[in-house]
Amino acid sequence: MRWLTAAQLQELADRTVAYARGSISTAEFEANPGMEPVWVQWYVAAGVVTCALEDLDLIDTVAAASWGSM
């Protein structure tokens, strides 16, 4: 557990989006992870981070298929 600024939270959310888009590999994501998918949803809903709706859908799809096996 640690304190993060809004900018740091955005960086983690962006990394999760990059993984969901296939821009970074599973190995790269495991070595330097982003944010858990559910946290991306919550922080977007709270207005703390931004994320395109298409990316939220993509994160959900990838999470259902792969995050459980990580």
# chains A, B, ... in the order shown; residues from 1 in each chain; ligands from 1
call {"tool": "residues_around", "arguments": {"residues": "stretch 21-28 of chain A", "least_positions_apart": "4", "cutoff": "9 Å", "atoms": "only C-alpha atoms", "output": "PyMOL selection string"}}
result
chain A and resi 15-17+32-33+55+58-59+62+70
call {"tool": "select_by_dssp", "arguments": {"residues": "chain A", "states": "helix (DSSP H, G or I)", "output": "VMD selection string"}}
result
chain A and resid 6 to 21 26 to 31 37 to 46 53 to 69
call {"tool": "closest_residue", "arguments": {"among": "A:Leu12, A:Ala65, A:Ala6, A:Met1", "to": "A:Glu36", "atoms": "only C-alpha atoms"}}
result
A:Leu12
call {"tool": "residues_around", "arguments": {"residues": "A:Asp14", "least_positions_apart": "6", "cutoff": "10 Å", "atoms": "only C-alpha atoms", "output": "number ranges by chain"}}
result
A: 8, 20, 34-35, 40, 49-51, 55
call {"tool": "decode", "arguments": {"residues": "stretch 7-56 of chain A", "atoms": "N, CA and C atoms", "output": "JSON list (two decimals), in the first residue's frame"}}
result
[["chain", "number", "residue", "atom", "x", "y", "z"],
["A", 7, "ALA", "N", -1.68, 12.02, -10.86],
["A", 7, "ALA", "CA", -0.84, 11.77, -12.05],
["A", 7, "ALA", "C", -0.27, 10.36, -12.04],
["A", 8, "GLN", "N", 0.15, 9.88, -10.88],
["A", 8, "GLN", "CA", 0.67, 8.51, -10.77],
["A", 8, "GLN", "C", -0.43, 7.49, -11.02],
["A", 9, "LEU", "N", -1.63, 7.77, -10.51],
["A", 9, "LEU", "CA", -2.76, 6.88, -10.77],
["A", 9, "LEU", "C", -3.08, 6.83, -12.26],
["A", 10, "GLN", "N", -3.00, 7.98, -12.93],
["A", 10, "GLN", "CA", -3.25, 8.03, -14.36],
["A", 10, "GLN", "C", -2.21, 7.20, -15.11],
["A", 11, "GLU", "N", -0.95, 7.28, -14.70],
["A", 11, "GLU", "CA", 0.10, 6.48, -15.33],
["A", 11, "GLU", "C", -0.19, 4.99, -15.21],
["A", 12, "LEU", "N", -0.64, 4.56, -14.04],
["A", 12, "LEU", "CA", -0.98, 3.15, -13.85],
["A", 12, "LEU", "C", -2.17, 2.74, -14.70],
["A", 13, "ALA", "N", -3.18, 3.60, -14.76],
["A", 13, "ALA", "CA", -4.35, 3.32, -15.60],
["A", 13, "ALA", "C", -3.93, 3.24, -17.07],
["A", 14, "ASP", "N", -3.07, 4.14, -17.50],
["A", 14, "ASP", "CA", -2.59, 4.14, -18.88],
["A", 14, "ASP", "C", -1.83, 2.87, -19.20],
["A", 15, "ARG", "N", -1.06, 2.37, -18.23],
["A", 15, "ARG", "CA", -0.33, 1.12, -18.44],
["A", 15, "ARG", "C", -1.30, -0.05, -18.60],
["A", 16, "THR", "N", -2.37, -0.05, -17.82],
["A", 16, "THR", "CA", -3.38, -1.09, -17.95],
["A", 16, "THR", "C", -4.05, -1.03, -19.31],
["A", 17, "VAL", "N", -4.33, 0.18, -19.78],
["A", 17, "VAL", "CA", -4.90, 0.35, -21.12],
["A", 17, "VAL", "C", -3.93, -0.17, -22.17],
["A", 18, "ALA", "N", -2.66, 0.16, -22.04],
["A", 18, "ALA", "CA", -1.65, -0.30, -22.99],
["A", 18, "ALA", "C", -1.60, -1.83, -23.04],
["A", 19, "TYR", "N", -1.70, -2.46, -21.89],
["A", 19, "TYR", "CA", -1.72, -3.93, -21.85],
["A", 19, "TYR", "C", -2.97, -4.45, -22.53],
["A", 20, "ALA", "N", -4.11, -3.87, -22.23],
["A", 20, "ALA", "CA", -5.37, -4.33, -22.83],
["A", 20, "ALA", "C", -5.35, -4.15, -24.35],
["A", 21, "ARG", "N", -4.69, -3.12, -24.84],
["A", 21, "ARG", "CA", -4.58, -2.88, -26.28],
["A", 21, "ARG", "C", -3.55, -3.78, -26.95],
["A", 22, "GLY", "N", -2.72, -4.46, -26.16],
["A", 22, "GLY", "CA", -1.68, -5.30, -26.71],
["A", 22, "GLY", "C", -0.39, -4.55, -27.01],
["A", 23, "SER", "N", -0.28, -3.33, -26.50],
["A", 23, "SER", "CA", 0.92, -2.53, -26.74],
["A", 23, "SER", "C", 2.11, -2.99, -25.90],
["A", 24, "ILE", "N", 1.84, -3.67, -24.79],
["A", 24, "ILE", "CA", 2.89, -4.26, -23.97],
["A", 24, "ILE", "C", 2.53, -5.72, -23.71],
["A", 25, "SER", "N", 3.53, -6.55, -23.57],
["A", 25, "SER", "CA", 3.31, -7.99, -23.39],
["A", 25, "SER", "C", 2.90, -8.31, -21.95],
["A", 26, "THR", "N", 2.44, -9.53, -21.78],
["A", 26, "THR", "CA", 2.10, -10.00, -20.44],
["A", 26, "THR", "C", 3.33, -9.97, -19.54],
["A", 27, "ALA", "N", 4.47, -10.38, -20.07],
["A", 27, "ALA", "CA", 5.71, -10.37, -19.27],
["A", 27, "ALA", "C", 6.07, -8.95, -18.84],
["A", 28, "GLU", "N", 5.94, -8.00, -19.76],
["A", 28, "GLU", "CA", 6.24, -6.60, -19.43],
["A", 28, "GLU", "C", 5.26, -6.08, -18.37],
["A", 29, "PHE", "N", 4.00, -6.45, -18.51],
["A", 29, "PHE", "CA", 2.98, -5.99, -17.56],
["A", 29, "PHE", "C", 3.21, -6.62, -16.18],
["A", 30, "GLU", "N", 3.59, -7.88, -16.16],
["A", 30, "GLU", "CA", 3.86, -8.54, -14.88],
["A", 30, "GLU", "C", 5.09, -7.93, -14.20],
["A", 31, "ALA", "N", 6.09, -7.56, -14.99],
["A", 31, "ALA", "CA", 7.31, -6.98, -14.43],
["A", 31, "ALA", "C", 7.08, -5.56, -13.91],
["A", 32, "ASN", "N", 6.19, -4.83, -14.56],
["A", 32, "ASN", "CA", 5.89, -3.45, -14.19],
["A", 32, "ASN", "C", 4.38, -3.24, -14.39],
["A", 33, "PRO", "N", 3.57, -3.73, -13.45],
["A", 33, "PRO", "CA", 2.13, -3.75, -13.66],
["A", 33, "PRO", "C", 1.50, -2.36, -13.61],
["A", 34, "GLY", "N", 0.31, -2.32, -14.16],
["A", 34, "GLY", "CA", -0.51, -1.12, -14.07],
["A", 34, "GLY", "C", -1.49, -1.27, -12.92],
["A", 35, "MET", "N", -2.70, -0.90, -13.18],
["A", 35, "MET", "CA", -3.76, -0.90, -12.18],
["A", 35, "MET", "C", -4.71, -2.07, -12.45],
["A", 36, "GLU", "N", -5.22, -2.67, -11.40],
["A", 36, "GLU", "CA", -6.21, -3.72, -11.56],
["A", 36, "GLU", "C", -7.41, -3.16, -12.32],
["A", 37, "PRO", "N", -8.01, -3.94, -13.21],
["A", 37, "PRO", "CA", -9.12, -3.44, -14.02],
["A", 37, "PRO", "C", -10.24, -2.78, -13.22],
["A", 38, "VAL", "N", -10.64, -3.38, -12.12],
["A", 38, "VAL", "CA", -11.73, -2.81, -11.33],
["A", 38, "VAL", "C", -11.38, -1.42, -10.80],
["A", 39, "TRP", "N", -10.11, -1.20, -10.47],
["A", 39, "TRP", "CA", -9.69, 0.12, -9.99],
["A", 39, "TRP", "C", -9.74, 1.16, -11.10],
["A", 40, "VAL", "N", -9.42, 0.74, -12.32],
["A", 40, "VAL", "CA", -9.54, 1.68, -13.44],
["A", 40, "VAL", "C", -10.99, 2.16, -13.53],
["A", 41, "GLN", "N", -11.92, 1.21, -13.47],
["A", 41, "GLN", "CA", -13.36, 1.55, -13.55],
["A", 41, "GLN", "C", -13.73, 2.52, -12.42],
["A", 42, "TRP", "N", -13.32, 2.21, -11.21],
["A", 42, "TRP", "CA", -13.70, 3.03, -10.05],
["A", 42, "TRP", "C", -13.11, 4.43, -10.13],
["A", 43, "TYR", "N", -11.83, 4.52, -10.49],
["A", 43, "TYR", "CA", -11.20, 5.83, -10.56],
["A", 43, "TYR", "C", -11.76, 6.67, -11.70],
["A", 44, "VAL", "N", -12.13, 6.03, -12.80],
["A", 44, "VAL", "CA", -12.78, 6.77, -13.88],
["A", 44, "VAL", "C", -14.13, 7.29, -13.39],
["A", 45, "ALA", "N", -14.90, 6.43, -12.74],
["A", 45, "ALA", "CA", -16.21, 6.83, -12.22],
["A", 45, "ALA", "C", -16.10, 7.98, -11.22],
["A", 46, "ALA", "N", -15.02, 7.97, -10.44],
["A", 46, "ALA", "CA", -14.81, 9.02, -9.43],
["A", 46, "ALA", "C", -14.21, 10.29, -10.04],
["A", 47, "GLY", "N", -13.82, 10.23, -11.31],
["A", 47, "GLY", "CA", -13.23, 11.40, -11.95],
["A", 47, "GLY", "C", -11.77, 11.64, -11.61],
["A", 48, "VAL", "N", -11.11, 10.62, -11.08],
["A", 48, "VAL", "CA", -9.70, 10.75, -10.69],
["A", 48, "VAL", "C", -8.78, 10.52, -11.89],
["A", 49, "VAL", "N", -9.14, 9.57, -12.75],
["A", 49, "VAL", "CA", -8.38, 9.30, -13.97],
["A", 49, "VAL", "C", -9.34, 9.34, -15.15],
["A", 50, "THR", "N", -8.77, 9.45, -16.34],
["A", 50, "THR", "CA", -9.57, 9.43, -17.55],
["A", 50, "THR", "C", -9.22, 8.22, -18.38],
["A", 51, "CYS", "N", -10.22, 7.75, -19.10],
["A", 51, "CYS", "CA", -10.03, 6.59, -19.95],
["A", 51, "CYS", "C", -11.20, 6.57, -20.93],
["A", 52, "ALA", "N", -10.92, 6.32, -22.19],
["A", 52, "ALA", "CA", -11.98, 6.25, -23.19],
["A", 52, "ALA", "C", -12.90, 5.06, -22.90],
["A", 53, "LEU", "N", -14.17, 5.23, -23.19],
["A", 53, "LEU", "CA", -15.13, 4.15, -22.95],
["A", 53, "LEU", "C", -14.74, 2.88, -23.70],
["A", 54, "GLU", "N", -14.21, 3.05, -24.91],
["A", 54, "GLU", "CA", -13.78, 1.89, -25.69],
["A", 54, "GLU", "C", -12.66, 1.13, -24.96],
["A", 55, "ASP", "N", -11.77, 1.89, -24.32],
["A", 55, "ASP", "CA", -10.68, 1.26, -23.58],
["A", 55, "ASP", "C", -11.20, 0.56, -22.33],
["A", 56, "LEU", "N", -12.19, 1.14, -21.67],
["A", 56, "LEU", "CA", -12.79, 0.46, -20.50],
["A", 56, "LEU", "C", -13.40, -0.87, -20.92]]
